[in-house]
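Note: the block below is start.tsv and it holds TSV, C-alpha atoms and all ligand atoms.
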```tsv
chain	number	residue	atom	x	y	z
A	1413	MET	CA	-30.01	29.88	28.63
A	1414	GLN	CA	-33.08	31.93	29.72
A	1415	ILE	CA	-32.54	33.63	33.07
A	1416	THR	CA	-35.19	35.66	34.89
A	1417	VAL	CA	-34.26	38.11	37.66
A	1418	LEU	CA	-36.77	39.82	39.99
A	1419	ALA	CA	-35.05	43.14	40.65
A	1420	GLY	CA	-35.47	46.35	42.59
A	1421	GLY	CA	-33.16	49.26	42.10
A	1422	ILE	CA	-29.54	49.76	42.94
A	1423	GLY	CA	-28.53	46.35	44.36
A	1424	GLY	CA	-30.42	44.48	41.68
A	1425	SER	CA	-28.90	46.60	38.92
A	1426	ARG	CA	-25.37	46.06	40.16
A	1427	PHE	CA	-26.00	42.33	40.26
A	1428	LEU	CA	-27.38	42.39	36.70
A	1429	ARG	CA	-24.22	44.04	35.38
A	1430	GLY	CA	-22.24	41.17	36.89
A	1431	LEU	CA	-24.65	38.58	35.51
A	1432	GLN	CA	-24.25	40.02	32.01
A	1433	ARG	CA	-20.47	39.82	32.35
A	1434	ALA	CA	-20.60	36.22	33.65
A	1435	LEU	CA	-22.93	35.08	30.86
A	1436	GLU	CA	-20.78	36.68	28.15
A	1437	GLN	CA	-17.88	34.60	29.44
A	1438	HIS	CA	-19.60	31.34	30.31
A	1439	ARG	CA	-22.92	31.08	28.48
A	1440	PRO	CA	-22.86	33.30	25.42
A	1441	GLY	CA	-26.25	33.61	23.74
A	1442	SER	CA	-28.10	33.54	27.06
A	1443	GLU	CA	-30.96	35.96	27.57
A	1444	ILE	CA	-31.87	37.84	30.74
A	1445	THR	CA	-35.40	38.95	31.55
A	1446	VAL	CA	-35.73	41.43	34.41
A	1447	ILE	CA	-39.06	41.70	36.21
A	1448	GLY	CA	-38.84	45.21	37.64
A	1449	ASN	CA	-40.46	46.56	40.79
A	1450	THR	CA	-42.96	49.34	40.11
A	1451	GLY	CA	-44.12	49.76	43.70
A	1452	ASP	CA	-41.77	52.74	44.08
A	1453	ASP	CA	-43.41	54.56	41.15
A	1454	ILE	CA	-44.69	58.04	41.93
A	1455	TRP	CA	-46.32	61.09	40.37
A	1456	ILE	CA	-43.98	64.06	40.82
A	1457	HIS	CA	-45.05	67.46	39.47
A	1458	GLY	CA	-47.36	65.68	37.04
A	1459	LEU	CA	-44.63	63.32	35.79
A	1460	ARG	CA	-44.69	59.55	36.26
A	1461	VAL	CA	-41.38	58.47	37.77
A	1462	CYS	CA	-40.42	54.77	37.87
A	1463	PRO	CA	-37.28	54.66	40.06
A	1464	ASP	CA	-36.48	50.95	39.93
A	1465	LEU	CA	-37.19	50.55	36.20
A	1466	ASP	CA	-35.06	53.61	35.43
A	1467	THR	CA	-32.23	52.46	37.71
A	1468	VAL	CA	-32.02	49.15	35.83
A	1469	MET	CA	-32.30	50.87	32.44
A	1470	TYR	CA	-29.70	53.54	33.19
A	1471	THR	CA	-27.28	51.20	34.99
A	1472	LEU	CA	-27.25	48.59	32.20
A	1473	GLY	CA	-27.52	51.27	29.51
A	1474	GLY	CA	-24.50	53.19	30.77
A	1475	GLY	CA	-26.31	56.34	31.86
A	1476	ILE	CA	-26.44	55.88	35.62
A	1477	SER	CA	-24.83	58.23	38.11
A	1478	ALA	CA	-22.08	56.03	39.58
A	1479	GLU	CA	-21.90	58.33	42.59
A	1480	ARG	CA	-25.57	58.15	43.51
A	1481	GLY	CA	-26.52	54.78	42.10
A	1482	TRP	CA	-29.73	56.32	40.81
A	1483	GLY	CA	-30.56	58.99	38.23
A	1484	ARG	CA	-28.32	60.18	35.45
A	1485	GLU	CA	-24.60	60.89	35.36
A	1486	ASN	CA	-23.57	64.53	34.70
A	1487	GLU	CA	-26.98	65.48	36.08
A	1488	THR	CA	-28.16	68.97	37.02
A	1489	PHE	CA	-31.16	69.91	39.14
A	1490	THR	CA	-32.07	73.32	37.75
A	1491	VAL	CA	-35.76	72.59	37.24
A	1492	LYS	CA	-35.92	71.17	40.76
A	1493	ASP	CA	-34.40	74.37	42.14
A	1494	GLU	CA	-36.74	76.54	40.10
A	1495	LEU	CA	-39.75	74.62	41.38
A	1496	ALA	CA	-38.46	75.07	44.92
A	1497	ALA	CA	-38.05	78.81	44.24
A	1498	TYR	CA	-41.78	78.88	43.52
A	1499	GLY	CA	-42.36	77.12	46.82
A	1500	VAL	CA	-43.85	74.15	45.01
A	1501	GLU	CA	-43.79	70.84	46.92
A	1502	PRO	CA	-42.38	68.27	46.96
A	1503	THR	CA	-38.93	69.78	47.22
A	1504	TRP	CA	-37.43	66.63	48.81
A	1505	PHE	CA	-37.42	64.54	45.59
A	1506	GLY	CA	-34.20	64.66	43.51
A	1507	LEU	CA	-35.74	65.37	40.11
A	1508	GLY	CA	-32.85	65.68	37.66
A	1509	ASP	CA	-33.00	67.75	34.46
A	1510	ARG	CA	-31.81	64.89	32.22
A	1511	ASP	CA	-34.06	62.45	34.06
A	1512	ILE	CA	-37.06	64.69	33.30
A	1513	ALA	CA	-36.81	63.78	29.60
A	1514	THR	CA	-37.47	60.13	30.51
A	1515	HIS	CA	-40.43	61.09	32.68
A	1516	LEU	CA	-41.89	63.43	30.03
A	1517	ILE	CA	-41.82	60.69	27.38
A	1518	ARG	CA	-43.23	58.13	29.81
A	1519	THR	CA	-46.00	60.47	31.00
A	1520	GLN	CA	-47.03	61.54	27.51
A	1521	SER	CA	-46.99	57.94	26.27
A	1522	LEU	CA	-49.08	56.69	29.19
A	1523	GLN	CA	-51.55	59.52	28.65
A	1524	ALA	CA	-51.72	58.57	24.97
A	1525	GLY	CA	-52.83	55.09	26.07
A	1526	TYR	CA	-49.64	53.08	25.81
A	1527	THR	CA	-48.99	50.60	28.62
A	1528	LEU	CA	-46.04	50.90	30.99
A	1529	SER	CA	-44.57	47.78	29.37
A	1530	GLN	CA	-44.77	49.39	25.93
A	1531	VAL	CA	-43.29	52.63	27.23
A	1532	THR	CA	-40.47	50.80	29.01
A	1533	GLN	CA	-39.64	48.90	25.84
A	1534	ALA	CA	-39.60	52.16	23.87
A	1535	LEU	CA	-37.30	53.88	26.39
A	1536	CYS	CA	-34.98	50.85	26.31
A	1537	GLU	CA	-34.61	51.28	22.54
A	1538	ARG	CA	-32.35	54.22	23.36
A	1539	TRP	CA	-30.53	52.70	26.30
A	1540	GLN	CA	-30.09	49.12	24.98
A	1541	PRO	CA	-29.68	47.63	28.51
A	1542	GLY	CA	-29.08	44.18	27.02
A	1543	VAL	CA	-31.94	42.66	29.02
A	1544	ARG	CA	-35.68	42.42	28.49
A	1545	LEU	CA	-37.06	44.79	31.17
A	1546	LEU	CA	-40.63	43.95	32.14
A	1547	PRO	CA	-42.57	46.00	34.70
A	1548	MET	CA	-44.09	43.64	37.27
A	1549	SER	CA	-47.49	45.08	36.30
A	1550	ASP	CA	-48.95	47.66	33.92
A	1551	ASP	CA	-51.49	48.51	36.60
A	1552	ARG	CA	-50.86	51.00	39.40
A	1553	ALA	CA	-49.60	49.33	42.56
A	1554	GLU	CA	-47.73	51.80	44.79
A	1555	THR	CA	-45.99	51.16	48.09
A	1556	HIS	CA	-47.25	53.46	50.83
A	1557	VAL	CA	-45.99	53.43	54.41
A	1558	VAL	CA	-48.15	53.79	57.54
A	1559	VAL	CA	-46.32	56.00	60.06
A	1560	ASP	CA	-47.12	58.11	63.09
A	1561	ASP	CA	-48.13	61.48	61.68
A	1562	PRO	CA	-44.86	63.37	61.07
A	1563	THR	CA	-46.42	66.58	62.42
A	1564	GLY	CA	-46.86	64.84	65.75
A	1565	ALA	CA	-50.66	65.13	65.58
A	1566	THR	CA	-52.41	63.02	68.21
A	1567	ALA	CA	-55.95	61.73	68.78
A	1568	PRO	CA	-58.02	63.20	71.66
A	1569	ASP	CA	-56.75	60.37	73.89
A	1570	GLY	CA	-53.18	61.46	73.14
A	1571	THR	CA	-52.25	58.49	70.95
A	1572	PRO	CA	-50.30	59.44	67.82
A	1573	LEU	CA	-52.43	59.74	64.69
A	1574	ARG	CA	-51.29	57.46	61.91
A	1575	THR	CA	-51.01	58.49	58.31
A	1576	ALA	CA	-49.88	56.83	55.08
A	1577	ILE	CA	-47.13	58.46	53.04
A	1578	HIS	CA	-45.67	57.38	49.71
A	1579	PHE	CA	-42.68	55.06	50.04
A	1580	GLN	CA	-40.48	57.60	48.24
A	1581	GLU	CA	-41.28	60.24	50.86
A	1582	TRP	CA	-40.51	57.81	53.65
A	1583	TRP	CA	-37.31	56.68	51.92
A	1584	ILE	CA	-35.98	60.02	50.70
A	1585	ARG	CA	-37.46	62.75	52.89
A	1586	TYR	CA	-37.37	60.80	56.16
A	1587	ARG	CA	-34.51	58.41	55.27
A	1588	ALA	CA	-36.73	55.55	56.52
A	1589	GLY	CA	-36.26	57.14	59.95
A	1590	LEU	CA	-39.99	57.34	60.78
A	1591	PRO	CA	-40.96	54.02	62.38
A	1592	ALA	CA	-43.11	52.24	59.80
A	1593	HIS	CA	-46.11	50.35	61.15
A	1594	GLU	CA	-47.06	48.76	57.85
A	1595	PHE	CA	-46.35	48.75	54.11
A	1596	ILE	CA	-49.45	48.90	51.94
A	1597	LEU	CA	-49.24	48.17	48.22
A	1598	VAL	CA	-52.05	50.46	47.08
A	1599	GLY	CA	-53.91	48.96	44.11
A	1600	VAL	CA	-52.29	45.53	44.27
A	1601	ASP	CA	-55.61	43.67	44.62
A	1602	THR	CA	-56.62	44.63	41.10
A	1603	ALA	CA	-53.11	44.60	39.61
A	1604	ARG	CA	-52.34	41.98	36.99
A	1605	PRO	CA	-48.88	40.70	36.10
A	1606	GLY	CA	-47.48	42.54	33.11
A	1607	PRO	CA	-47.45	40.80	29.71
A	1608	ASP	CA	-44.88	37.94	29.55
A	1609	VAL	CA	-44.13	38.21	33.30
A	1610	ILE	CA	-45.61	34.84	34.27
A	1611	ALA	CA	-44.09	33.12	31.23
A	1612	ALA	CA	-40.69	34.67	32.05
A	1613	ILE	CA	-40.83	32.86	35.40
A	1614	SER	CA	-42.46	29.62	34.28
A	1615	GLU	CA	-40.29	29.11	31.19
A	1616	ALA	CA	-36.96	30.22	32.64
A	1617	ASP	CA	-34.00	27.87	32.93
A	1618	LEU	CA	-32.99	29.74	36.10
A	1619	VAL	CA	-34.66	32.34	38.34
A	1620	ILE	CA	-32.59	34.61	40.58
A	1621	LEU	CA	-33.66	36.79	43.52
A	1622	PRO	CA	-30.74	39.28	43.60
A	1623	PRO	CA	-29.68	41.26	46.68
A	1624	SER	CA	-32.53	43.75	46.31
A	1625	ASN	CA	-34.71	44.78	49.23
A	1626	PRO	CA	-36.66	41.61	50.11
A	1627	ILE	CA	-39.63	43.59	51.45
A	1628	VAL	CA	-40.21	46.64	49.27
A	1629	SER	CA	-38.58	45.45	46.06
A	1630	VAL	CA	-38.64	41.66	45.58
A	1631	GLY	CA	-41.42	41.38	48.15
A	1632	THR	CA	-43.50	43.92	46.22
A	1633	ILE	CA	-43.12	42.02	42.96
A	1634	LEU	CA	-44.25	38.83	44.72
A	1635	GLN	CA	-47.43	40.54	45.91
A	1636	VAL	CA	-48.77	41.02	42.38
A	1637	PRO	CA	-51.45	38.32	42.10
A	1638	GLY	CA	-50.11	35.30	40.19
A	1639	ILE	CA	-46.40	36.03	40.46
A	1640	ALA	CA	-45.69	34.27	43.77
A	1641	GLU	CA	-47.58	31.20	42.53
A	1642	ALA	CA	-45.57	31.17	39.32
A	1643	LEU	CA	-42.33	31.33	41.30
A	1644	ARG	CA	-43.38	28.53	43.63
A	1645	SER	CA	-44.27	26.26	40.73
A	1646	THR	CA	-41.62	27.03	38.11
A	1647	PRO	CA	-39.49	24.02	37.12
A	1648	ALA	CA	-36.46	26.34	37.11
A	1649	PRO	CA	-34.07	26.41	40.06
A	1650	VAL	CA	-34.60	29.54	42.21
A	1651	ILE	CA	-31.42	31.01	43.67
A	1652	GLY	CA	-31.50	33.89	46.17
A	1653	VAL	CA	-28.70	36.21	47.27
A	1654	SER	CA	-28.79	37.75	50.72
A	1655	PRO	CA	-28.98	41.58	50.81
A	1656	ILE	CA	-27.95	41.42	54.47
A	1657	VAL	CA	-24.28	40.89	55.34
A	1658	GLY	CA	-23.08	40.53	58.91
A	1659	GLY	CA	-26.37	41.76	60.34
A	1660	ALA	CA	-26.63	44.90	58.23
A	1661	PRO	CA	-27.96	45.79	54.79
A	1662	VAL	CA	-25.23	46.26	52.21
A	1663	ARG	CA	-26.98	49.39	50.91
A	1664	GLY	CA	-30.15	51.26	51.56
A	1665	MET	CA	-32.23	50.77	54.64
A	1666	ALA	CA	-33.60	47.26	54.35
A	1667	ASP	CA	-33.21	46.88	58.12
A	1668	ALA	CA	-35.94	49.49	58.64
A	1669	CYS	CA	-38.16	47.46	56.30
A	1670	LEU	CA	-37.39	44.14	57.99
A	1671	ARG	CA	-38.16	45.65	61.41
A	1672	THR	CA	-41.58	46.74	60.15
A	1673	ILE	CA	-42.60	43.15	59.48
A	1674	GLY	CA	-40.92	41.86	62.63
A	1675	LEU	CA	-37.89	40.24	61.04
A	1676	GLU	CA	-34.41	40.48	62.48
A	1677	THR	CA	-31.77	41.87	60.16
A	1678	THR	CA	-29.88	38.67	59.40
A	1679	ALA	CA	-29.21	36.67	56.25
A	1680	ALA	CA	-30.92	33.65	57.83
A	1681	ALA	CA	-34.06	35.65	58.71
A	1682	VAL	CA	-34.44	36.80	55.11
A	1683	ALA	CA	-33.98	33.22	53.88
A	1684	GLY	CA	-36.71	32.13	56.29
A	1685	HIS	CA	-38.92	34.92	55.03
A	1686	TYR	CA	-38.61	33.71	51.44
A	1687	GLY	CA	-38.95	30.12	52.60
A	1688	PRO	CA	-37.96	26.78	51.04
A	1689	ARG	CA	-39.52	25.65	47.77
A	1690	SER	CA	-40.13	22.25	49.40
A	1691	GLU	CA	-42.59	23.89	51.82
A	1692	GLY	CA	-44.35	26.31	49.53
A	1693	GLY	CA	-41.67	29.00	49.69
A	1694	PHE	CA	-39.45	30.42	46.96
A	1695	LEU	CA	-35.85	29.33	47.52
A	1696	ASP	CA	-33.88	26.33	46.37
A	1697	VAL	CA	-30.52	27.85	47.25
A	1698	TRP	CA	-29.56	30.84	49.43
A	1699	LEU	CA	-26.19	32.50	48.90
A	1700	MET	CA	-24.91	34.41	51.90
A	1701	ASP	CA	-21.71	36.35	52.36
A	1702	THR	CA	-18.66	34.63	53.83
A	1703	ALA	CA	-19.21	36.89	56.86
A	1704	ASP	CA	-22.34	34.84	57.56
A	1705	VAL	CA	-20.78	31.39	57.15
A	1706	ASP	CA	-21.98	30.55	60.68
A	1707	ALA	CA	-25.58	30.86	59.45
A	1708	VAL	CA	-25.24	28.14	56.78
A	1709	ASP	CA	-26.42	25.39	59.14
A	1710	ALA	CA	-29.42	27.43	60.31
A	1711	VAL	CA	-30.53	28.06	56.73
A	1712	THR	CA	-29.95	24.44	55.75
A	1713	ALA	CA	-32.11	23.43	58.70
A	1714	LEU	CA	-34.92	25.48	57.09
A	1715	GLY	CA	-34.79	23.15	54.10
A	1716	ILE	CA	-32.88	25.59	51.90
A	1717	SER	CA	-29.49	24.69	50.47
A	1718	ALA	CA	-27.07	27.39	51.67
A	1719	ARG	CA	-23.60	28.53	50.63
A	1720	ALA	CA	-21.32	31.24	51.96
A	1721	VAL	CA	-19.61	33.12	49.12
A	1722	PRO	CA	-18.26	36.65	48.66
A	1723	THR	CA	-21.35	38.77	47.93
A	1724	MET	CA	-19.97	42.31	48.17
A	1725	MET	CA	-20.29	43.70	44.64
A	1726	THR	CA	-17.46	46.19	44.97
A	1727	ASP	CA	-17.00	46.28	41.18
A	1728	ILE	CA	-18.30	44.54	38.07
A	1729	ASP	CA	-15.80	41.68	38.42
A	1730	ALA	CA	-16.98	41.00	41.99
A	1731	ALA	CA	-20.58	41.11	40.79
A	1732	ALA	CA	-19.65	38.70	37.97
A	1733	ASP	CA	-18.07	36.32	40.49
A	1734	LEU	CA	-21.28	36.42	42.54
A	1735	ALA	CA	-23.36	35.83	39.40
A	1736	ARG	CA	-21.15	32.83	38.55
A	1737	GLU	CA	-21.91	31.39	42.00
A	1738	CYS	CA	-25.63	31.71	41.18
A	1739	LEU	CA	-25.12	29.95	37.84
A	1740	ALA	CA	-23.14	27.18	39.54
A	1741	ALA	CA	-25.82	26.74	42.20
A	1742	GLY	CA	-28.42	26.50	39.45
A	1743	ASP	CA	-26.33	23.94	37.57
A	1744	SER	CA	-25.91	21.81	40.68
A	1745	LEU	CA	-29.69	21.67	41.06
A	1746	ALA	CA	-30.49	21.17	37.38
A	1747	ARG	CA	-28.20	18.12	37.32
A	1748	ALA	CA	-29.68	16.76	40.55
B	1801	LIG	N1	-32.99	58.40	46.18
B	1801	LIG	C1	-32.62	59.30	47.15
B	1801	LIG	O1	-32.08	58.88	48.18
B	1801	LIG	N2	-32.83	60.64	47.00
B	1801	LIG	C2	-33.44	61.16	45.91
B	1801	LIG	O2	-33.63	62.37	45.81
B	1801	LIG	C3	-33.81	60.25	44.86
B	1801	LIG	C4	-34.39	60.71	43.67
B	1801	LIG	C5	-34.64	59.79	42.63
B	1801	LIG	C6	-35.10	60.22	41.39
B	1801	LIG	C7	-35.32	59.31	40.36
B	1801	LIG	C8	-35.06	57.96	40.56
B	1801	LIG	O3	-35.24	57.08	39.54
B	1801	LIG	C9	-34.58	57.49	41.80
B	1801	LIG	C10	-34.39	58.41	42.83
B	1801	LIG	N3	-33.89	57.99	44.08
B	1801	LIG	C11	-33.55	58.88	45.05
B	1801	LIG	C12	-33.69	56.57	44.36
B	1801	LIG	C13	-34.99	55.91	44.72
B	1801	LIG	O4	-35.70	56.58	45.71
B	1801	LIG	C14	-34.63	54.49	45.18
B	1801	LIG	O5	-33.71	53.98	44.29
B	1801	LIG	C15	-35.75	53.48	45.12
B	1801	LIG	O6	-36.97	53.98	44.93
B	1801	LIG	C16	-35.61	52.62	46.36
B	1801	LIG	O7	-34.83	51.55	46.03
```
Final structure tokens representation of the file:
Amino acid sequence: MQITVLAGGIGGSRFLRGLQRALEQHRPGSEITVIGNTGDDIWIHGLRVCPDLDTVMYTLGGGISAERGWGRENETFTVKDELAAYGVEPTWFGLGDRDIATHLIRTQSLQAGYTLSQVTQALCERWQPGVRLLPMSDDRAETHVVVDDPTGATAPDGTPLRTAIHFQEWWIRYRAGLPAHEFILVGVDTARPGPDVIAAISEADLVILPPSNPIVSVGTILQVPGIAEALRSTPAPVIGVSPIVGGAPVRGMADACLRTIGLETTAAAVAGHYGPRSEGGFLDVWLMDTADVDAVDAVTALGISARAVPTMMTDIDAAADLARECLAAGDSLARA
């Protein structure tokens, strides 16, 4: 069975670990292709950092920091502290010493002319994540956030001046606490889907939208020209899992992202945002947590089949149970 997952960082990676476990038990020989979000990518001290690709690679490769959910286990931040001692900005980004090796190889390889897809494949040779990890694009497409100027600068008429900061600065330095007026995917107009990305969606037996951030992770992937169209038209069932449980994001700050585009922080609102396949949207089935069982009717009324199942991935077994629910939902559609 060929399964394609559009994934962001921590939530998507945790889901993927469960999916691997579920497939080992129920569909051995299946293959997973992950289309990874590269909108979070950033140049830091001359190094190209790809947070969501690395989070998937480290999590599935066994190198992730379980405590943080990102970066390496047994990490130290000596270089970061030394840079700060020189007064070099940014000091807000958690650049780990072990992590720097990944960024050095990636940066040197990109500068030698290799594509991000080729570099990612080479890095995965070491980590053996057990999935095919495809960047959504080999072209630069970075999420920037339009905010009121953090210094409080105003125009002559007293209105706050707006500025665009990199998503990582908004997310890490400001903890998504600066009201975001808009997300802009810089470079997306000329970005092309990475090699094999469209085929991974069109030729899949099942496509899953895991509980990643629907705006700045899955939403970013869907903005790369050609990808949304491929998802709308794939013959494969498309199953989504709500990242919102009981009116709050399970992790991260997706609520701040939903607010920016005027969506309420509910499982049903996110389902509506993705939309039903039958009306040009992306979802055949929407899995929400049992805490949101009351929203099943509202989502069904949108034209999306909805189920309430346990979605809290408290450990790999729980993630595997959730993955099995996705497989079952896909089966029920494939037979239909
Ligand atoms: N997240 C943080 O909250 N603080 C950090 O200092 C931080 C550093 C970092 C370094 C490398 C990396 O791959 C991820 C890192 N993240 C950090 C997580 C990252 O900002 C998020 O995982 C995604 O970009 C948003 O999902």
Surrounding residues as a PyMOL selection string, ligand LIG 1801 (chain B), max 8 Å, all atoms listed in the file
chain A and resi 1420-1422+1452-1453+1461-1467+1480-1483+1504-1508+1511+1579-1580+1583-1585+1587+1625+1628-1629+1664
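The list of residues within 8 Å of (-30.9, 28.0, 53.2), counted using all atoms listed in the file, is Ala1680, Ala1683, Gly1684, Pro1688, Leu1695, Asp1696, Val1697, Trp1698, Leu1699, Val1708, Asp1709, Ala1710, Val1711, Thr1712, Ala1713, Leu1714, Gly1715, Ile1716, Ser1717, Ala1718 and Arg1719 of chain A.
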Can you write out the residues you just picked, keeping C-alpha atoms, as an mmCIF file, keeping the file's coordinate frame?
```cif
data_model
loop_
_atom_site.group_PDB
_atom_site.id
_atom_site.type_symbol
_atom_site.label_atom_id
_atom_site.label_comp_id
_atom_site.auth_asym_id
_atom_site.auth_seq_id
_atom_site.Cartn_x
_atom_site.Cartn_y
_atom_site.Cartn_z
ATOM 1 C CA ALA A 1680 -30.920 33.650 57.830
ATOM 2 C CA ALA A 1683 -33.980 33.220 53.880
ATOM 3 C CA GLY A 1684 -36.710 32.130 56.290
ATOM 4 C CA PRO A 1688 -37.960 26.780 51.040
ATOM 5 C CA LEU A 1695 -35.850 29.330 47.520
ATOM 6 C CA ASP A 1696 -33.880 26.330 46.370
ATOM 7 C CA VAL A 1697 -30.520 27.850 47.250
ATOM 8 C CA TRP A 1698 -29.560 30.840 49.430
ATOM 9 C CA LEU A 1699 -26.190 32.500 48.900
ATOM 10 C CA VAL A 1708 -25.240 28.140 56.780
ATOM 11 C CA ASP A 1709 -26.420 25.390 59.140
ATOM 12 C CA ALA A 1710 -29.420 27.430 60.310
ATOM 13 C CA VAL A 1711 -30.530 28.060 56.730
ATOM 14 C CA THR A 1712 -29.950 24.440 55.750
ATOM 15 C CA ALA A 1713 -32.110 23.430 58.700
ATOM 16 C CA LEU A 1714 -34.920 25.480 57.090
ATOM 17 C CA GLY A 1715 -34.790 23.150 54.100
ATOM 18 C CA ILE A 1716 -32.880 25.590 51.900
ATOM 19 C CA SER A 1717 -29.490 24.690 50.470
ATOM 20 C CA ALA A 1718 -27.070 27.390 51.670
ATOM 21 C CA ARG A 1719 -23.600 28.530 50.630
#
```
Skipping near chain neighbours, those fewer than 5 positions away, what residues fall within 12 Å of Thr1726 of chain A using only C-alpha atoms, listed as a PyMOL selection string?
chain A and resi 1423+1426-1427+1429-1430+1662-1663+1731-1734
Which polymer residues have any atom within 9 Å of an atom of Asp1509 of chain A, counting all atoms listed in the file, with same-chain residues fewer than 6 positions away left out, as number ranges by chain?
A: 1484, 1487-1492
Rounded to one decimal place, report the atom CA of Val1446 of chain A-atom CA of Val1417 of chain A distance in Å.
4.9 Å
Rows by chain and residue number, segment 1513-1604 of chain A within 12 Å of segment 1665-1673 of chain A, shortest pair, all atoms listed in the file, as CSV:
```
residue,atom,partner,partner_atom,distance
A:Thr1555,CA,A:Cys1669,CA,11.9
A:Val1557,CA,A:Thr1672,CA,9.9
A:Val1558,CA,A:Thr1672,CA,10.0
A:Val1559,CA,A:Thr1672,CA,10.4
A:Phe1579,CA,A:Cys1669,CA,10.8
A:Trp1582,CA,A:Ala1668,CA,10.7
A:Trp1583,CA,A:Met1665,CA,8.3
A:Ile1584,CA,A:Met1665,CA,10.7
A:Tyr1586,CA,A:Met1665,CA,11.4
A:Arg1587,CA,A:Met1665,CA,8.0
A:Ala1588,CA,A:Ala1668,CA,6.5
A:Gly1589,CA,A:Ala1668,CA,7.8
A:Leu1590,CA,A:Ala1668,CA,9.1
A:Pro1591,CA,A:Thr1672,CA,7.6
A:Ala1592,CA,A:Thr1672,CA,5.7
A:His1593,CA,A:Thr1672,CA,5.9
A:Glu1594,CA,A:Thr1672,CA,6.3
A:Phe1595,CA,A:Thr1672,CA,8.0
A:Ile1596,CA,A:Thr1672,CA,11.6
```
Quick one, how far is atom CA of Trp1455 of chain A from atom CA of Ile1517 of chain A?
13.8 Å
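Pairwise distance (atom CA of Thr1519 of chain A, atom CA of Tyr1470 of chain A) equals 17.8 Å.
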